[in-house]
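As structure tokens, the structure follows; a few thoughts come after it.
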Amino acid sequence: MRMILATWLLVLVVAAPVSAEPRWPDQGWQVTPTSLSYDNLLEALQEAVEAEGMFVVTEAGPTVAAANRGITIPGNRVVGVFRNDYAVRILRLSVPAMIEAPMRFYVTENDDGSATLSWKTPTHLLEPYLDTAGEELETVGRELDTLFAAIAKRATEESE
């Protein structure tokens with residue numbers, strides 16, 4: 001009897017839909033739900049990055065690769081954004097801090113077809129290196145916070 005109950009419980013757990021409503025970390029993240037579709041938000045983000053004078057230097061996501069394997073998952077893309085002058089400034093202040101570059105935006109598709117734009121703030125990413133790199137690195141982080149917020153505002157303003 002236990003085996004049958006355990007089997008049914010396992011079936012129910014496996015068959016239960018996975019909620020696409022993620023719980024975002026409380027600290028260091030900015031999360032902006034939008035009314036834009038995943039594809040439209042991704043396109044708006046790429047345009048906003050360019051308009052704010054930054055560059056998309058990496059993109060990665062499991063959605064297309066999963067589809068190629070016959071698996072359907074919601075849209076999910078990490079977009080690395082940076083610029084060389086910031087790389088040079090950070091390297092002069094802290095070689096280890098460059099592991100945080102490029103800094104990333106995260107575009108996720110929601111159950112209702114809308115998409116969310118989220119990112120870890122640059123000041124949050126650079127905070128572990130402030131003990132050795134000091135106030136100048138904090139200044140760079142604040143500048144990047146301003147740029148990332150401007151990119152996000154521009155990318156999501158259509159949905160406001």
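Chain labels run A, B, ... following the order of the structure tokens; each chain numbers its residues from 1, and ligands are numbered from 1 in the order shown.
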
Would you pick out the contacts of Ala87 of chain A at 12 Å or less, using only C-alpha atoms, so that residues sharing its chain but fewer than 6 positions from it are not included, and give the list as a list in words?
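The filter keeps Met54, Val81, Leu93, Ser94, Val95, Pro96, Ala97, Met98, Ile99, Glu100, Ala101, Pro102, Met103, Leu137, Val140, Gly141 and Leu144 of chain A.
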
Store the residues picked out above, limited to N, CA and C atoms, as a CSV table (one decimal), in the first residue's frame.
chain,number,residue,atom,x,y,z
A,54,MET,N,26.2,51.6,-24.7
A,54,MET,CA,26.8,50.3,-24.2
A,54,MET,C,26.7,49.3,-25.3
A,81,VAL,N,26.2,42.9,-21.0
A,81,VAL,CA,26.4,44.3,-21.4
A,81,VAL,C,27.6,44.9,-20.8
A,93,LEU,N,41.8,49.1,-11.1
A,93,LEU,CA,41.4,49.2,-9.7
A,93,LEU,C,41.4,47.8,-9.0
A,94,SER,N,41.0,46.8,-9.8
A,94,SER,CA,40.9,45.4,-9.2
A,94,SER,C,40.9,44.4,-10.3
A,95,VAL,N,41.9,43.6,-10.5
A,95,VAL,CA,41.9,42.6,-11.5
A,95,VAL,C,40.8,41.5,-11.2
A,96,PRO,N,40.7,41.1,-9.9
A,96,PRO,CA,39.6,40.1,-9.6
A,96,PRO,C,38.2,40.6,-9.9
A,97,ALA,N,38.0,41.9,-9.8
A,97,ALA,CA,36.6,42.4,-10.1
A,97,ALA,C,36.2,42.2,-11.5
A,98,MET,N,37.1,42.1,-12.4
A,98,MET,CA,36.7,41.9,-13.8
A,98,MET,C,36.0,40.6,-14.1
A,99,ILE,N,36.0,39.7,-13.1
A,99,ILE,CA,35.2,38.5,-13.3
A,99,ILE,C,33.7,38.8,-13.4
A,100,GLU,N,33.3,40.0,-12.9
A,100,GLU,CA,31.9,40.4,-13.0
A,100,GLU,C,31.5,41.0,-14.3
A,101,ALA,N,32.4,41.2,-15.2
A,101,ALA,CA,32.1,41.7,-16.5
A,101,ALA,C,32.0,40.6,-17.6
A,102,PRO,N,31.1,40.6,-18.5
A,102,PRO,CA,30.1,41.7,-18.6
A,102,PRO,C,29.0,41.5,-17.6
A,103,MET,N,28.4,42.6,-17.2
A,103,MET,CA,27.3,42.6,-16.3
A,103,MET,C,26.1,42.3,-17.1
A,137,LEU,N,36.3,52.3,-7.2
A,137,LEU,CA,35.5,51.2,-7.7
A,137,LEU,C,34.0,51.4,-7.4
A,140,VAL,N,32.7,53.7,-9.9
A,140,VAL,CA,32.4,53.0,-11.2
A,140,VAL,C,31.1,52.3,-11.1
A,141,GLY,N,30.9,51.6,-10.0
A,141,GLY,CA,29.6,50.8,-9.8
A,141,GLY,C,28.4,51.7,-9.8
A,144,LEU,N,27.7,52.7,-13.4
A,144,LEU,CA,27.1,51.6,-14.1
A,144,LEU,C,25.7,51.4,-13.7

Counting only C-alpha atoms, which residues in segment 25-96 of chain A sit no more than 10 Å from segment 106-112 of chain A? For each one, give the nearest pair of atoms and the distance in Å, sorted by chain then residue number, as JSON lines.
{"residue": "A:Val31", "atom": "CA", "partner": "A:Tyr106", "partner_atom": "CA", "distance": 9.2}
{"residue": "A:Thr32", "atom": "CA", "partner": "A:Val107", "partner_atom": "CA", "distance": 9.8}
{"residue": "A:Pro33", "atom": "CA", "partner": "A:Asn110", "partner_atom": "CA", "distance": 9.0}
{"residue": "A:Thr34", "atom": "CA", "partner": "A:Asn110", "partner_atom": "CA", "distance": 9.6}
{"residue": "A:Ser35", "atom": "CA", "partner": "A:Asp112", "partner_atom": "CA", "distance": 9.3}
{"residue": "A:Leu36", "atom": "CA", "partner": "A:Glu109", "partner_atom": "CA", "distance": 9.5}
{"residue": "A:Ser37", "atom": "CA", "partner": "A:Glu109", "partner_atom": "CA", "distance": 7.4}
{"residue": "A:Tyr38", "atom": "CA", "partner": "A:Glu109", "partner_atom": "CA", "distance": 5.3}
{"residue": "A:Asp39", "atom": "CA", "partner": "A:Glu109", "partner_atom": "CA", "distance": 8.9}
{"residue": "A:Leu41", "atom": "CA", "partner": "A:Val107", "partner_atom": "CA", "distance": 7.4}
{"residue": "A:Leu42", "atom": "CA", "partner": "A:Val107", "partner_atom": "CA", "distance": 6.7}
{"residue": "A:Leu45", "atom": "CA", "partner": "A:Val107", "partner_atom": "CA", "distance": 8.9}
{"residue": "A:Glu59", "atom": "CA", "partner": "A:Tyr106", "partner_atom": "CA", "distance": 9.8}
{"residue": "A:Ala60", "atom": "CA", "partner": "A:Tyr106", "partner_atom": "CA", "distance": 9.7}
{"residue": "A:Gly61", "atom": "CA", "partner": "A:Val107", "partner_atom": "CA", "distance": 9.4}
{"residue": "A:Ile73", "atom": "CA", "partner": "A:Glu109", "partner_atom": "CA", "distance": 9.2}
{"residue": "A:Pro74", "atom": "CA", "partner": "A:Glu109", "partner_atom": "CA", "distance": 5.4}
{"residue": "A:Gly75", "atom": "CA", "partner": "A:Glu109", "partner_atom": "CA", "distance": 4.8}
{"residue": "A:Asn76", "atom": "CA", "partner": "A:Thr108", "partner_atom": "CA", "distance": 4.6}
{"residue": "A:Arg77", "atom": "CA", "partner": "A:Val107", "partner_atom": "CA", "distance": 5.2}
{"residue": "A:Val78", "atom": "CA", "partner": "A:Tyr106", "partner_atom": "CA", "distance": 4.6}
{"residue": "A:Val79", "atom": "CA", "partner": "A:Tyr106", "partner_atom": "CA", "distance": 6.3}
{"residue": "A:Gly80", "atom": "CA", "partner": "A:Tyr106", "partner_atom": "CA", "distance": 8.8}

Save the residues we just selected, N, CA and C atoms, as a PDB file, in the first residue's frame?
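That gives us selection.pdb:
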ATOM      1  N   VAL A  31      14.096  44.216 -10.435  1.00  0.00           N
ATOM      2  CA  VAL A  31      13.188  43.358 -11.186  1.00  0.00           C
ATOM      3  C   VAL A  31      12.041  44.219 -11.707  1.00  0.00           C
ATOM      4  N   THR A  32      11.860  44.210 -13.036  1.00  0.00           N
ATOM      5  CA  THR A  32      10.842  45.047 -13.660  1.00  0.00           C
ATOM      6  C   THR A  32       9.916  44.195 -14.522  1.00  0.00           C
ATOM      7  N   PRO A  33       8.746  43.842 -13.990  1.00  0.00           N
ATOM      8  CA  PRO A  33       7.751  43.159 -14.820  1.00  0.00           C
ATOM      9  C   PRO A  33       7.264  44.136 -15.896  1.00  0.00           C
ATOM     10  N   THR A  34       6.957  43.630 -17.071  1.00  0.00           N
ATOM     11  CA  THR A  34       6.475  44.483 -18.156  1.00  0.00           C
ATOM     12  C   THR A  34       5.238  43.849 -18.791  1.00  0.00           C
ATOM     13  N   SER A  35       4.590  44.609 -19.661  1.00  0.00           N
ATOM     14  CA  SER A  35       3.498  44.044 -20.454  1.00  0.00           C
ATOM     15  C   SER A  35       3.997  43.611 -21.824  1.00  0.00           C
ATOM     16  N   LEU A  36       5.280  43.821 -22.087  1.00  0.00           N
ATOM     17  CA  LEU A  36       5.876  43.424 -23.365  1.00  0.00           C
ATOM     18  C   LEU A  36       5.995  41.909 -23.461  1.00  0.00           C
ATOM     19  N   SER A  37       5.931  41.399 -24.674  1.00  0.00           N
ATOM     20  CA  SER A  37       6.202  39.974 -24.879  1.00  0.00           C
ATOM     21  C   SER A  37       7.700  39.737 -24.719  1.00  0.00           C
ATOM     22  N   TYR A  38       8.068  38.500 -24.553  1.00  0.00           N
ATOM     23  CA  TYR A  38       9.482  38.132 -24.419  1.00  0.00           C
ATOM     24  C   TYR A  38      10.301  38.648 -25.607  1.00  0.00           C
ATOM     25  N   ASP A  39       9.855  38.354 -26.830  1.00  0.00           N
ATOM     26  CA  ASP A  39      10.600  38.788 -28.021  1.00  0.00           C
ATOM     27  C   ASP A  39      10.685  40.307 -28.111  1.00  0.00           C
ATOM     28  N   LEU A  41      10.488  42.500 -25.601  1.00  0.00           N
ATOM     29  CA  LEU A  41      11.367  43.016 -24.551  1.00  0.00           C
ATOM     30  C   LEU A  41      12.825  42.770 -24.908  1.00  0.00           C
ATOM     31  N   LEU A  42      13.128  41.616 -25.438  1.00  0.00           N
ATOM     32  CA  LEU A  42      14.501  41.314 -25.834  1.00  0.00           C
ATOM     33  C   LEU A  42      14.978  42.299 -26.900  1.00  0.00           C
ATOM     34  N   LEU A  45      15.408  45.757 -25.328  1.00  0.00           N
ATOM     35  CA  LEU A  45      16.618  45.786 -24.508  1.00  0.00           C
ATOM     36  C   LEU A  45      17.846  46.001 -25.385  1.00  0.00           C
ATOM     37  N   GLU A  59      25.332  36.722 -25.160  1.00  0.00           N
ATOM     38  CA  GLU A  59      23.934  36.325 -25.005  1.00  0.00           C
ATOM     39  C   GLU A  59      23.910  34.823 -24.819  1.00  0.00           C
ATOM     40  N   ALA A  60      23.109  34.398 -23.866  1.00  0.00           N
ATOM     41  CA  ALA A  60      22.984  32.964 -23.632  1.00  0.00           C
ATOM     42  C   ALA A  60      21.605  32.668 -23.061  1.00  0.00           C
ATOM     43  N   GLY A  61      21.068  31.534 -23.438  1.00  0.00           N
ATOM     44  CA  GLY A  61      19.781  31.120 -22.903  1.00  0.00           C
ATOM     45  C   GLY A  61      19.463  29.709 -23.339  1.00  0.00           C
ATOM     46  N   ILE A  73      10.191  25.400 -23.170  1.00  0.00           N
ATOM     47  CA  ILE A  73      10.296  26.126 -21.902  1.00  0.00           C
ATOM     48  C   ILE A  73      10.047  27.603 -22.192  1.00  0.00           C
ATOM     49  N   PRO A  74       9.676  28.362 -21.174  1.00  0.00           N
ATOM     50  CA  PRO A  74       9.461  29.793 -21.395  1.00  0.00           C
ATOM     51  C   PRO A  74      10.747  30.474 -21.866  1.00  0.00           C
ATOM     52  N   GLY A  75      10.568  31.591 -22.578  1.00  0.00           N
ATOM     53  CA  GLY A  75      11.721  32.367 -23.037  1.00  0.00           C
ATOM     54  C   GLY A  75      12.610  32.762 -21.872  1.00  0.00           C
ATOM     55  N   ASN A  76      13.915  32.667 -22.071  1.00  0.00           N
ATOM     56  CA  ASN A  76      14.871  32.881 -21.000  1.00  0.00           C
ATOM     57  C   ASN A  76      16.205  33.265 -21.634  1.00  0.00           C
ATOM     58  N   ARG A  77      16.654  34.490 -21.425  1.00  0.00           N
ATOM     59  CA  ARG A  77      17.908  34.930 -22.056  1.00  0.00           C
ATOM     60  C   ARG A  77      18.690  35.825 -21.103  1.00  0.00           C
ATOM     61  N   VAL A  78      19.977  35.566 -21.004  1.00  0.00           N
ATOM     62  CA  VAL A  78      20.900  36.405 -20.251  1.00  0.00           C
ATOM     63  C   VAL A  78      21.682  37.221 -21.277  1.00  0.00           C
ATOM     64  N   VAL A  79      21.680  38.538 -21.100  1.00  0.00           N
ATOM     65  CA  VAL A  79      22.309  39.448 -22.053  1.00  0.00           C
ATOM     66  C   VAL A  79      23.433  40.186 -21.335  1.00  0.00           C
ATOM     67  N   GLY A  80      24.679  39.892 -21.722  1.00  0.00           N
ATOM     68  CA  GLY A  80      25.842  40.545 -21.134  1.00  0.00           C
ATOM     69  C   GLY A  80      26.087  41.887 -21.798  1.00  0.00           C
TER      70      GLY A  80
END

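The space between atom CA of Leu125 of chain A and atom CA of Gly28 of chain A spans 7.9 Å.
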
Could you pull the residues within 8 Å of Ala48 of chain A, counting only C-alpha atoms, minus those fewer than 5 positions along the same chain, as a ChimeraX atom specification?
/A:151-152,154-155

Based on the selection just made, write N, CA and C atoms of those residues as a PDB file, in the first residue's frame.
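Resulting contents of result26.pdb:
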ATOM      1  N   ILE A 151      19.077  52.049 -19.237  1.00  0.00           N
ATOM      2  CA  ILE A 151      18.803  51.018 -20.251  1.00  0.00           C
ATOM      3  C   ILE A 151      17.459  50.348 -19.942  1.00  0.00           C
ATOM      4  N   ALA A 152      17.264  49.975 -18.697  1.00  0.00           N
ATOM      5  CA  ALA A 152      16.023  49.301 -18.309  1.00  0.00           C
ATOM      6  C   ALA A 152      14.819  50.209 -18.527  1.00  0.00           C
ATOM      7  N   ARG A 154      14.502  52.695 -20.646  1.00  0.00           N
ATOM      8  CA  ARG A 154      14.284  52.840 -22.089  1.00  0.00           C
ATOM      9  C   ARG A 154      13.671  51.564 -22.672  1.00  0.00           C
ATOM     10  N   ALA A 155      14.135  50.414 -22.229  1.00  0.00           N
ATOM     11  CA  ALA A 155      13.649  49.141 -22.773  1.00  0.00           C
ATOM     12  C   ALA A 155      12.208  48.849 -22.362  1.00  0.00           C
TER      13      ALA A 155
END

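Restricting the calculation to only C-alpha atoms, the smallest distance between Lys120 of chain A and any of A:Glu138, A:Pro22, A:Gln27, A:Glu43 is found for A:Gln27.
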
Step one, run DSSP on the backbone; step two, keep only residues of segment 1-157 of chain A assigned to helix (DSSP H, G or I); then write them as an MDAnalysis selection string.
chainID A and resid 2:15 38:51 63:68 84:93 96:100 122:133 135:157

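We find atom CA of Asn84 of chain A and atom CA of Ala115 of chain A to be spaced 29.3 Å apart.
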
For atom CA of Val57 of chain A and atom CA of Arg83 of chain A, the interatomic separation in Å (one decimal)
8.5 Å

Based on DSSP run over this structure's backbone, return all residues of segment 28-71 of chain A in strand (DSSP E or B), as a PyMOL selection string.
chain A and resi 29-37+55-60
